[in-house]
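entry.tsv follows (TSV, C-alpha atoms):
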chain	number	residue	atom	x	y	z
A	19	MET	CA	186.45	86.35	39.59
A	20	THR	CA	186.23	83.93	42.50
A	21	GLN	CA	185.25	80.44	41.36
A	22	THR	CA	182.35	78.82	43.25
A	23	ARG	CA	183.49	75.68	45.06
A	24	HIS	CA	181.62	72.72	46.47
A	25	GLY	CA	180.56	73.00	50.08
A	26	THR	CA	177.97	75.46	51.35
A	27	LEU	CA	177.24	77.29	54.55
A	28	ALA	CA	173.85	78.47	55.82
A	29	CYS	CA	173.65	80.29	59.15
A	30	VAL	CA	170.04	80.33	60.30
A	31	GLY	CA	168.11	81.69	63.24
A	32	LEU	CA	166.00	79.51	65.50
A	33	GLY	CA	164.11	82.43	66.95
A	34	ILE	CA	163.86	82.92	70.69
A	35	THR	CA	160.98	80.74	71.88
A	36	LEU	CA	161.21	76.98	71.25
A	37	GLY	CA	158.70	75.92	68.62
A	38	SER	CA	157.26	79.38	68.06
A	39	HIS	CA	159.65	81.21	65.78
A	40	LEU	CA	161.49	78.83	63.45
A	41	THR	CA	160.80	79.72	59.82
A	42	PRO	CA	160.07	76.99	57.26
A	43	LEU	CA	163.15	78.03	55.28
A	44	ALA	CA	165.44	77.83	58.31
A	45	ARG	CA	164.04	74.40	59.17
A	46	SER	CA	164.68	73.29	55.61
A	47	HIS	CA	168.33	74.36	55.87
A	48	ILE	CA	168.65	72.35	59.10
A	49	THR	CA	167.02	69.15	57.89
A	50	SER	CA	168.75	69.12	54.49
A	51	ALA	CA	172.29	69.79	55.78
A	52	ASP	CA	175.05	67.19	55.96
A	53	VAL	CA	176.08	68.48	59.36
A	54	VAL	CA	174.53	70.98	61.79
A	55	PHE	CA	176.37	73.14	64.32
A	56	ALA	CA	174.28	74.49	67.18
A	57	GLY	CA	175.05	77.78	68.92
A	58	VAL	CA	172.02	78.03	71.19
A	59	SER	CA	171.54	79.42	74.66
A	60	ASP	CA	169.66	76.58	76.30
A	61	GLY	CA	170.14	72.82	76.66
A	62	VAL	CA	166.47	72.12	76.05
A	63	VAL	CA	166.62	74.09	72.82
A	64	GLU	CA	169.74	72.19	71.78
A	65	ALA	CA	167.84	68.94	72.43
A	66	TRP	CA	165.13	70.26	70.11
A	67	VAL	CA	167.68	70.90	67.35
A	68	ARG	CA	168.93	67.32	67.80
A	69	ARG	CA	165.39	66.11	67.02
A	70	MET	CA	165.68	67.74	63.59
A	71	HIS	CA	168.96	66.19	62.45
A	72	HIS	CA	171.07	63.11	63.22
A	73	ASP	CA	174.42	64.96	63.22
A	74	VAL	CA	174.15	68.04	65.45
A	75	ARG	CA	177.39	69.29	66.99
A	76	SER	CA	177.20	71.74	69.87
A	77	LEU	CA	179.29	74.91	69.77
A	78	GLN	CA	178.97	75.31	73.56
A	79	GLY	CA	182.25	73.48	74.12
A	80	PHE	CA	184.21	76.44	72.78
A	81	TYR	CA	183.17	78.68	75.68
A	82	ALA	CA	185.24	78.76	78.84
A	83	GLU	CA	185.40	81.07	81.83
A	84	GLY	CA	188.39	83.39	81.48
A	85	LYS	CA	188.87	82.63	77.76
A	86	PRO	CA	188.68	85.66	75.45
A	87	ARG	CA	185.33	85.41	73.71
A	88	GLY	CA	186.82	86.61	70.40
A	89	GLU	CA	188.88	83.42	70.39
A	90	THR	CA	185.75	81.37	71.08
A	91	TYR	CA	183.91	82.92	68.13
A	92	ARG	CA	186.89	82.45	65.77
A	93	GLU	CA	187.02	78.78	66.74
A	94	MET	CA	183.30	78.42	66.06
A	95	ALA	CA	183.76	79.88	62.57
A	96	ASP	CA	186.88	77.73	61.96
A	97	THR	CA	184.96	74.58	62.89
A	98	MET	CA	182.08	75.29	60.54
A	99	LEU	CA	184.44	76.29	57.70
A	100	ALA	CA	186.49	73.11	58.06
A	101	GLU	CA	183.40	71.08	57.13
A	102	VAL	CA	182.53	73.45	54.27
A	103	ARG	CA	186.04	72.95	52.84
A	104	LEU	CA	185.40	69.20	52.85
A	105	GLY	CA	182.62	69.88	50.34
A	106	ARG	CA	179.80	69.39	52.83
A	107	LYS	CA	176.50	71.21	53.19
A	108	VAL	CA	176.86	72.91	56.56
A	109	CYS	CA	174.17	74.59	58.64
A	110	GLY	CA	174.98	76.79	61.63
A	111	VAL	CA	171.96	77.18	63.89
A	112	PHE	CA	171.93	80.13	66.25
A	113	TYR	CA	169.31	81.27	68.73
A	114	GLY	CA	167.36	84.37	67.86
A	115	HIS	CA	168.68	86.07	64.72
A	116	PRO	CA	172.07	84.77	63.51
A	117	GLY	CA	173.17	88.25	62.48
A	118	VAL	CA	172.21	90.24	65.59
A	119	PHE	CA	174.80	90.42	68.38
A	120	ALA	CA	176.37	87.30	66.89
A	121	GLN	CA	179.97	87.30	65.71
A	122	ALA	CA	180.66	83.77	64.46
A	123	PRO	CA	177.90	83.62	61.79
A	124	HIS	CA	178.97	86.91	60.17
A	125	ASP	CA	182.65	85.93	60.25
A	126	ALA	CA	182.06	82.42	58.93
A	127	ILE	CA	179.89	83.64	56.05
A	128	ALA	CA	182.37	86.36	55.02
A	129	ARG	CA	185.29	83.94	55.11
A	130	ALA	CA	183.37	81.21	53.23
A	131	ARG	CA	182.43	83.64	50.45
A	132	ALA	CA	186.01	84.93	50.25
A	133	GLU	CA	187.14	81.35	49.65
A	134	GLY	CA	184.59	80.90	46.86
A	135	PHE	CA	181.91	78.98	48.72
A	136	THR	CA	178.20	79.76	48.66
A	137	ALA	CA	177.15	81.08	52.05
A	138	VAL	CA	173.84	82.56	53.19
A	139	MET	CA	172.24	83.91	56.33
A	140	GLU	CA	168.56	83.36	57.09
A	141	PRO	CA	167.06	85.70	59.68
A	142	GLY	CA	165.23	84.60	62.80
A	143	VAL	CA	162.94	86.27	65.32
A	144	SER	CA	165.26	88.13	67.69
A	145	SER	CA	164.96	89.28	71.29
A	146	GLU	CA	164.42	92.75	69.89
A	147	ASP	CA	161.36	91.56	67.97
A	148	CYS	CA	159.94	89.90	71.11
A	149	LEU	CA	160.67	93.02	73.15
A	150	TYR	CA	158.53	95.25	70.95
A	151	ALA	CA	155.61	92.83	71.29
A	152	ASP	CA	155.98	92.16	75.02
A	153	LEU	CA	156.53	95.78	76.05
A	154	GLY	CA	153.98	97.16	73.59
A	155	LEU	CA	156.32	99.73	72.16
A	156	ASP	CA	156.87	100.73	68.56
A	157	PRO	CA	160.34	102.01	67.61
A	158	GLY	CA	158.72	104.09	64.88
A	159	ARG	CA	156.87	106.38	67.31
A	160	VAL	CA	159.73	108.34	68.85
A	161	GLY	CA	162.74	106.33	67.68
A	162	CYS	CA	164.98	103.81	69.37
A	163	THR	CA	168.73	103.42	69.74
A	164	HIS	CA	170.62	100.23	70.51
A	165	PHE	CA	174.03	99.62	72.03
A	166	GLY	CA	175.87	96.79	73.67
A	167	ALA	CA	175.93	97.74	77.35
A	168	THR	CA	179.69	97.43	77.71
A	169	GLN	CA	180.49	99.35	74.52
A	170	PHE	CA	178.04	102.02	75.70
A	171	MET	CA	180.09	102.34	78.90
A	172	LEU	CA	183.50	102.39	77.21
A	173	TYR	CA	182.80	105.14	74.69
A	174	ARG	CA	181.16	108.54	74.88
A	175	ARG	CA	178.02	108.20	72.80
A	176	THR	CA	175.55	110.90	71.85
A	177	ILE	CA	172.26	109.87	73.41
A	178	ASP	CA	168.91	111.17	72.23
A	179	THR	CA	166.88	111.05	75.45
A	180	SER	CA	163.67	111.70	73.51
A	181	ALA	CA	164.02	108.18	72.01
A	182	TRP	CA	164.06	104.73	73.63
A	183	LEU	CA	167.47	103.38	74.57
A	184	MET	CA	168.14	99.63	74.55
A	185	LEU	CA	171.28	98.27	76.19
A	186	TRP	CA	171.91	94.68	75.13
A	187	GLN	CA	174.06	92.11	76.89
A	188	ALA	CA	173.46	94.03	80.11
A	189	GLY	CA	174.40	90.90	82.02
A	190	LEU	CA	178.01	91.42	80.91
A	191	ALA	CA	178.06	95.17	81.60
A	192	GLY	CA	181.60	96.37	82.27
A	193	ASP	CA	183.44	93.33	80.93
A	194	LEU	CA	186.83	94.42	79.58
A	195	GLY	CA	187.49	91.25	77.62
A	196	GLU	CA	188.50	89.16	80.62
A	197	GLY	CA	186.20	86.38	79.47
A	198	ARG	CA	183.56	87.06	82.13
A	199	PHE	CA	180.01	85.83	81.69
A	200	ASP	CA	178.43	87.99	84.37
A	201	THR	CA	178.36	91.45	85.85
A	202	ASP	CA	178.09	92.67	89.44
A	203	ALA	CA	176.81	95.55	91.55
A	204	GLU	CA	180.02	97.57	91.16
A	205	ARG	CA	179.99	97.38	87.37
A	206	LEU	CA	176.25	98.11	87.24
A	207	ALA	CA	176.88	101.15	89.48
A	208	VAL	CA	179.32	102.42	86.84
A	209	LEU	CA	176.66	101.89	84.17
A	210	VAL	CA	174.21	103.89	86.31
A	211	ASP	CA	176.77	106.71	86.56
A	212	VAL	CA	177.09	106.77	82.77
A	213	LEU	CA	173.32	106.91	82.35
A	214	ARG	CA	173.02	109.55	85.08
A	215	ARG	CA	174.76	112.00	82.72
A	216	ASP	CA	171.49	112.11	80.80
A	217	TYR	CA	168.75	110.59	82.98
A	218	PRO	CA	167.53	111.31	86.53
A	219	ALA	CA	168.26	108.74	89.25
A	220	ASP	CA	164.55	107.98	89.73
A	221	HIS	CA	163.96	107.47	86.00
A	222	GLY	CA	162.01	104.25	85.46
A	223	VAL	CA	163.81	101.57	83.44
A	224	ILE	CA	162.88	98.01	82.49
A	225	VAL	CA	164.85	94.77	82.74
A	226	TYR	CA	163.63	92.55	79.92
A	227	GLN	CA	164.18	88.97	78.86
A	228	ALA	CA	162.17	87.12	76.22
A	229	PRO	CA	160.91	83.61	77.06
A	230	THR	CA	163.00	80.70	75.73
A	231	LEU	CA	160.59	77.88	76.54
A	232	PRO	CA	156.92	78.10	75.54
A	233	PHE	CA	155.59	77.80	79.09
A	234	GLU	CA	157.78	80.64	80.37
A	235	THR	CA	156.76	84.28	80.50
A	236	ALA	CA	158.89	87.26	79.62
A	237	ARG	CA	160.84	89.01	82.39
A	238	ILE	CA	159.50	92.56	82.52
A	239	GLU	CA	160.78	94.17	85.70
A	240	HIS	CA	160.24	97.87	86.24
A	241	ILE	CA	162.83	99.50	88.50
A	242	ALA	CA	164.27	102.94	89.16
A	243	LEU	CA	167.58	103.54	87.41
A	244	SER	CA	169.26	103.96	90.81
A	245	ALA	CA	168.12	100.45	91.81
A	246	LEU	CA	169.98	98.74	88.98
A	247	PRO	CA	173.08	97.73	91.00
A	248	GLY	CA	170.85	95.88	93.46
A	249	THR	CA	169.02	93.97	90.72
A	250	ALA	CA	170.03	90.52	89.49
A	251	ILE	CA	170.89	90.84	85.79
A	252	GLY	CA	171.48	87.67	83.77
A	253	MET	CA	173.28	86.97	80.51
A	254	ALA	CA	170.14	87.24	78.40
A	255	ASP	CA	168.73	90.39	80.05
A	256	THR	CA	168.33	93.71	78.26
A	257	LEU	CA	168.05	97.11	79.91
A	258	VAL	CA	165.32	99.24	78.38
A	259	VAL	CA	165.46	102.98	79.08
A	260	PRO	CA	162.33	104.96	78.13
A	261	PRO	CA	162.59	108.55	76.88
A	262	CYS	CA	162.87	111.20	79.58
A	263	ARG	CA	161.85	114.17	77.44
A	264	GLY	CA	159.54	114.92	74.52
A	265	LEU	CA	160.47	115.31	70.87
A	266	GLU	CA	161.98	118.73	70.15
A	267	PRO	CA	160.63	120.44	67.02
A	268	ASP	CA	163.09	121.91	64.51
A	269	PRO	CA	161.42	125.15	63.27
A	270	ALA	CA	164.05	125.93	60.62
A	271	ILE	CA	163.70	122.54	58.91
A	272	ARG	CA	159.93	122.68	59.19
A	273	ALA	CA	159.97	126.09	57.49
A	274	ARG	CA	162.18	124.80	54.69
A	275	LEU	CA	159.91	121.80	54.10
A	276	ALA	CA	156.83	123.98	54.21
A	277	ALA	CA	158.36	126.22	51.56
A	278	LEU	CA	159.07	123.18	49.34
A	279	GLY	CA	155.48	122.06	49.76
A	280	GLY	CA	154.27	125.50	48.68
A	281	ALA	CA	156.49	125.43	45.60
A	282	LEU	CA	154.96	122.09	44.56
A	283	ARG	CA	151.43	123.46	44.77
A	284	THR	CA	152.17	126.39	42.47
B	63	MET	CA	162.85	62.42	76.70
B	64	SER	CA	161.98	62.84	73.02
B	65	ASN	CA	158.27	63.16	73.69
B	66	VAL	CA	158.77	66.13	76.05
B	67	ILE	CA	160.77	67.92	73.35
B	68	ASP	CA	158.07	67.12	70.82
B	69	PHE	CA	155.47	68.39	73.28
B	70	LEU	CA	157.36	71.67	73.82
B	71	GLU	CA	157.67	72.13	70.06
B	72	ARG	CA	153.92	71.54	69.68
B	73	MET	CA	153.19	73.91	72.56
B	74	GLY	CA	155.42	76.59	71.06
B	75	ALA	CA	153.43	76.42	67.83
B	76	SER	CA	149.95	76.22	69.37
B	77	ALA	CA	148.01	79.27	70.52
B	78	GLY	CA	145.62	76.90	72.31
B	79	LEU	CA	148.32	75.12	74.29
B	80	ARG	CA	150.06	78.40	75.14
B	81	ALA	CA	146.79	79.54	76.74
B	82	ALA	CA	145.60	76.16	78.07
B	83	GLY	CA	146.09	76.97	81.76
B	84	THR	CA	147.50	74.53	84.29
B	85	GLU	CA	144.64	72.01	84.16
B	86	GLY	CA	144.49	71.94	80.39
B	87	LEU	CA	148.24	71.72	80.15
B	88	ALA	CA	148.36	68.84	82.65
B	89	ARG	CA	145.74	66.96	80.60
B	90	GLU	CA	147.69	67.45	77.39
B	91	LEU	CA	150.93	66.34	79.02
B	92	THR	CA	149.29	63.19	80.31
B	93	ALA	CA	147.82	62.48	76.89
B	94	ALA	CA	151.28	62.90	75.37
B	95	ALA	CA	152.74	60.47	77.94
B	96	VAL	CA	155.31	62.99	79.10
B	97	ASP	CA	157.30	61.80	82.12
B	98	GLU	CA	155.57	62.80	85.35
B	99	ASN	CA	158.47	64.84	86.79
B	100	LEU	CA	159.02	66.68	83.53
B	101	ALA	CA	155.29	67.36	83.24
B	102	ARG	CA	155.18	68.69	86.79
B	103	SER	CA	157.97	71.18	85.98
B	104	ILE	CA	156.14	72.40	82.89
B	105	VAL	CA	152.80	72.82	84.68
B	106	ALA	CA	154.59	74.68	87.50
B	107	GLY	CA	156.33	76.91	84.96
B	108	ASP	CA	159.63	75.87	86.49
B	109	ALA	CA	162.07	76.11	83.58
B	110	SER	CA	165.11	75.62	85.81
B	111	ALA	CA	163.80	72.27	87.06
B	112	LEU	CA	163.06	71.16	83.50
B	113	ARG	CA	166.54	72.17	82.32
B	114	GLU	CA	168.12	70.36	85.25
B	115	GLN	CA	166.39	67.14	84.19
B	116	ILE	CA	166.91	67.42	80.42
B	117	ALA	CA	170.22	69.23	79.97
B	118	PRO	CA	171.98	70.08	83.24
B	119	GLY	CA	174.96	72.42	83.21
B	120	VAL	CA	175.79	75.91	82.04
B	121	PHE	CA	174.75	77.13	78.62
B	122	TYR	CA	176.30	80.38	77.48
B	123	ALA	CA	174.03	82.90	75.79
B	124	ILE	CA	176.58	85.47	74.60
B	125	GLN	CA	177.72	85.53	70.97
B	126	MET	CA	179.48	88.87	70.59
B	127	GLU	CA	182.43	90.54	72.22
B	128	GLU	CA	182.18	94.26	72.92
B	129	THR	CA	185.82	95.03	73.58
B	130	PRO	CA	187.22	98.19	71.96
B	131	PRO	CA	187.60	98.11	68.14
B	132	GLU	CA	191.31	99.01	68.37
B	133	GLU	CA	191.83	95.56	69.84
B	134	HIS	CA	190.37	94.10	66.65
B	135	GLU	CA	192.27	96.20	64.10
B	136	GLU	CA	193.96	93.21	62.57
B	137	GLN	CA	190.68	91.35	62.25
B	138	ASP	CA	188.91	94.42	60.88
B	139	ASP	CA	191.60	94.84	58.20
B	140	GLU	CA	191.08	91.23	57.22
B	141	GLU	CA	187.31	91.71	57.13
B	142	ALA	CA	187.68	94.84	54.98
B	143	SER	CA	189.85	92.97	52.50
B	144	VAL	CA	187.25	90.18	52.39
B	145	HIS	CA	184.61	92.75	51.44
B	146	MET	CA	186.92	94.25	48.81
B	147	ARG	CA	187.55	90.85	47.27
B	148	ARG	CA	183.84	90.11	47.24
B	149	HIS	CA	183.02	93.39	45.51
B	150	SER	CA	185.73	92.94	42.90
B	151	ALA	CA	184.71	89.33	42.13
Could you quickly redo this structure as structure tokens?
Amino acid sequence: MTQTRHGTLACVGLGITLGSHLTPLARSHITSADVVFAGVSDGVVEAWVRRMHHDVRSLQGFYAEGKPRGETYREMADTMLAEVRLGRKVCGVFYGHPGVFAQAPHDAIARARAEGFTAVMEPGVSSEDCLYADLGLDPGRVGCTHFGATQFMLYRRTIDTSAWLMLWQAGLAGDLGEGRFDTDAERLAVLVDVLRRDYPADHGVIVYQAPTLPFETARIEHIALSALPGTAIGMADTLVVPPCRGLEPDPAIRARLAALGGALRT
Amino acid sequence: MSNVIDFLERMGASAGLRAAGTEGLARELTAAAVDENLARSIVAGDASALREQIAPGVFYAIQMEETPPEEHEEQDDEEASVHMRRHSA
């Protein structure tokens, strides 16, 4: 059995919009920590985190153009773990949800636990949560699938076009690990070609970005799929693809279920 | 600068401030003694101008790599063994 050691790690979510989404428990982890590491997407938000604790260390310095991002995320985890090993109470603060499209928090928690330290993750309001509210869609109605845009391009996936399709990190679409932090018209044209296997060129899609600051509004831009290469797509943008066909009934399964229902009544 | 951050935190948590409109927002910013240039950016809804004044420079918003799993085989093996150790503990 692994013996529990001194030093703890809590990776918490800040939510997306400054001041609107931070849970009381996440705030408590921040204010009671010995040291706080901030992995947030906005300098104003980082300034907000600094108002909550006297020792906030930014993780932004690990990013660099052309540097493999996997290396960046390993360094982030290493940095947090080094303080945990010193017996300190460490809090990693990440924008949105620390476990959604976020590599360093998962890695750091798994490694901390493997070394016998107590490590927890506290969820935060994610872009996905904001998207459902801002676009007025419910993933329970016809279903919803999620992919990273680049992974979606690199592998043949089975798409259900009767459900919503969300492509995250669309602003990096087509990155092959060169350490890019953007995409361009050529790469977006390739993404359109991939989507054109299942959707018509004039299919309406939505570019979405949740507001980070409380006086901002969400980006909700409706465009035709074919117009995507000519549209500016940023790091935090998501491509939302509505269904292009209705749900298809399965008569055989319906008949089996109906028979089970009849058996129960007798 | 601290009072503009405090104001944004208060605004983020206030349904009234979120819906105050430009005049109401301007009044609240004045009452909170927020710097005039910062207040002007907020009332104008100009997040870029506010960021330029408070925290200029690039902030990266990407926290996951989507390169092919085969490039992470070594890491995945390590992660799998971590899970195994945790389950057997």
Coordinates-based distance that separates atom CA of Ser38 of chain A from atom CA of Ala77 of chain B (Å, one decimal): 9.6 Å
Could you list, as a PyMOL selection string, every residue within 12 Å of Ser103 of chain B, counting only C-alpha atoms and ignoring same-chain residues fewer than 2 positions away? (chain A and resi 231+233-234) or (chain B and resi 66+84+87-88+91+96-101+105-116)
Any idea which chain A residues end up within 9 Å of chain B if we count all atoms listed in the file, as a tab-separated table (two decimals) with C-alpha atoms, in the coordinates of the input please?
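File part.tsv, as written:
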chain	number	residue	atom	x	y	z
A	19	MET	CA	186.45	86.35	39.59
A	20	THR	CA	186.23	83.93	42.50
A	21	GLN	CA	185.25	80.44	41.36
A	35	THR	CA	160.98	80.74	71.88
A	36	LEU	CA	161.21	76.98	71.25
A	37	GLY	CA	158.70	75.92	68.62
A	38	SER	CA	157.26	79.38	68.06
A	39	HIS	CA	159.65	81.21	65.78
A	57	GLY	CA	175.05	77.78	68.92
A	58	VAL	CA	172.02	78.03	71.19
A	59	SER	CA	171.54	79.42	74.66
A	60	ASP	CA	169.66	76.58	76.30
A	61	GLY	CA	170.14	72.82	76.66
A	62	VAL	CA	166.47	72.12	76.05
A	63	VAL	CA	166.62	74.09	72.82
A	64	GLU	CA	169.74	72.19	71.78
A	65	ALA	CA	167.84	68.94	72.43
A	66	TRP	CA	165.13	70.26	70.11
A	69	ARG	CA	165.39	66.11	67.02
A	78	GLN	CA	178.97	75.31	73.56
A	81	TYR	CA	183.17	78.68	75.68
A	86	PRO	CA	188.68	85.66	75.45
A	87	ARG	CA	185.33	85.41	73.71
A	88	GLY	CA	186.82	86.61	70.40
A	91	TYR	CA	183.91	82.92	68.13
A	113	TYR	CA	169.31	81.27	68.73
A	118	VAL	CA	172.21	90.24	65.59
A	119	PHE	CA	174.80	90.42	68.38
A	120	ALA	CA	176.37	87.30	66.89
A	121	GLN	CA	179.97	87.30	65.71
A	122	ALA	CA	180.66	83.77	64.46
A	125	ASP	CA	182.65	85.93	60.25
A	128	ALA	CA	182.37	86.36	55.02
A	129	ARG	CA	185.29	83.94	55.11
A	131	ARG	CA	182.43	83.64	50.45
A	132	ALA	CA	186.01	84.93	50.25
A	166	GLY	CA	175.87	96.79	73.67
A	167	ALA	CA	175.93	97.74	77.35
A	168	THR	CA	179.69	97.43	77.71
A	169	GLN	CA	180.49	99.35	74.52
A	172	LEU	CA	183.50	102.39	77.21
A	173	TYR	CA	182.80	105.14	74.69
A	187	GLN	CA	174.06	92.11	76.89
A	190	LEU	CA	178.01	91.42	80.91
A	193	ASP	CA	183.44	93.33	80.93
A	194	LEU	CA	186.83	94.42	79.58
A	195	GLY	CA	187.49	91.25	77.62
A	199	PHE	CA	180.01	85.83	81.69
A	231	LEU	CA	160.59	77.88	76.54
A	232	PRO	CA	156.92	78.10	75.54
A	233	PHE	CA	155.59	77.80	79.09
A	234	GLU	CA	157.78	80.64	80.37
A	235	THR	CA	156.76	84.28	80.50
A	253	MET	CA	173.28	86.97	80.51
A	254	ALA	CA	170.14	87.24	78.40
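In this model, the gap between atom CA of Gly248 of chain A and atom CA of Leu185 of chain A comes to 17.4 Å.
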Find the residues near Lys107 of chain A: any atom within 8 Å, counting all atoms listed in the file, skip ones fewer than 3 places away on the same chain, and give them as a PyMOL selection string. chain A and resi 25-27+51-53+101-102
From the list A:Thr201, A:Thr179, A:Ser144, A:Thr97, which residue is nearest Gly117 of chain A when using only C-alpha atoms? A:Ser144
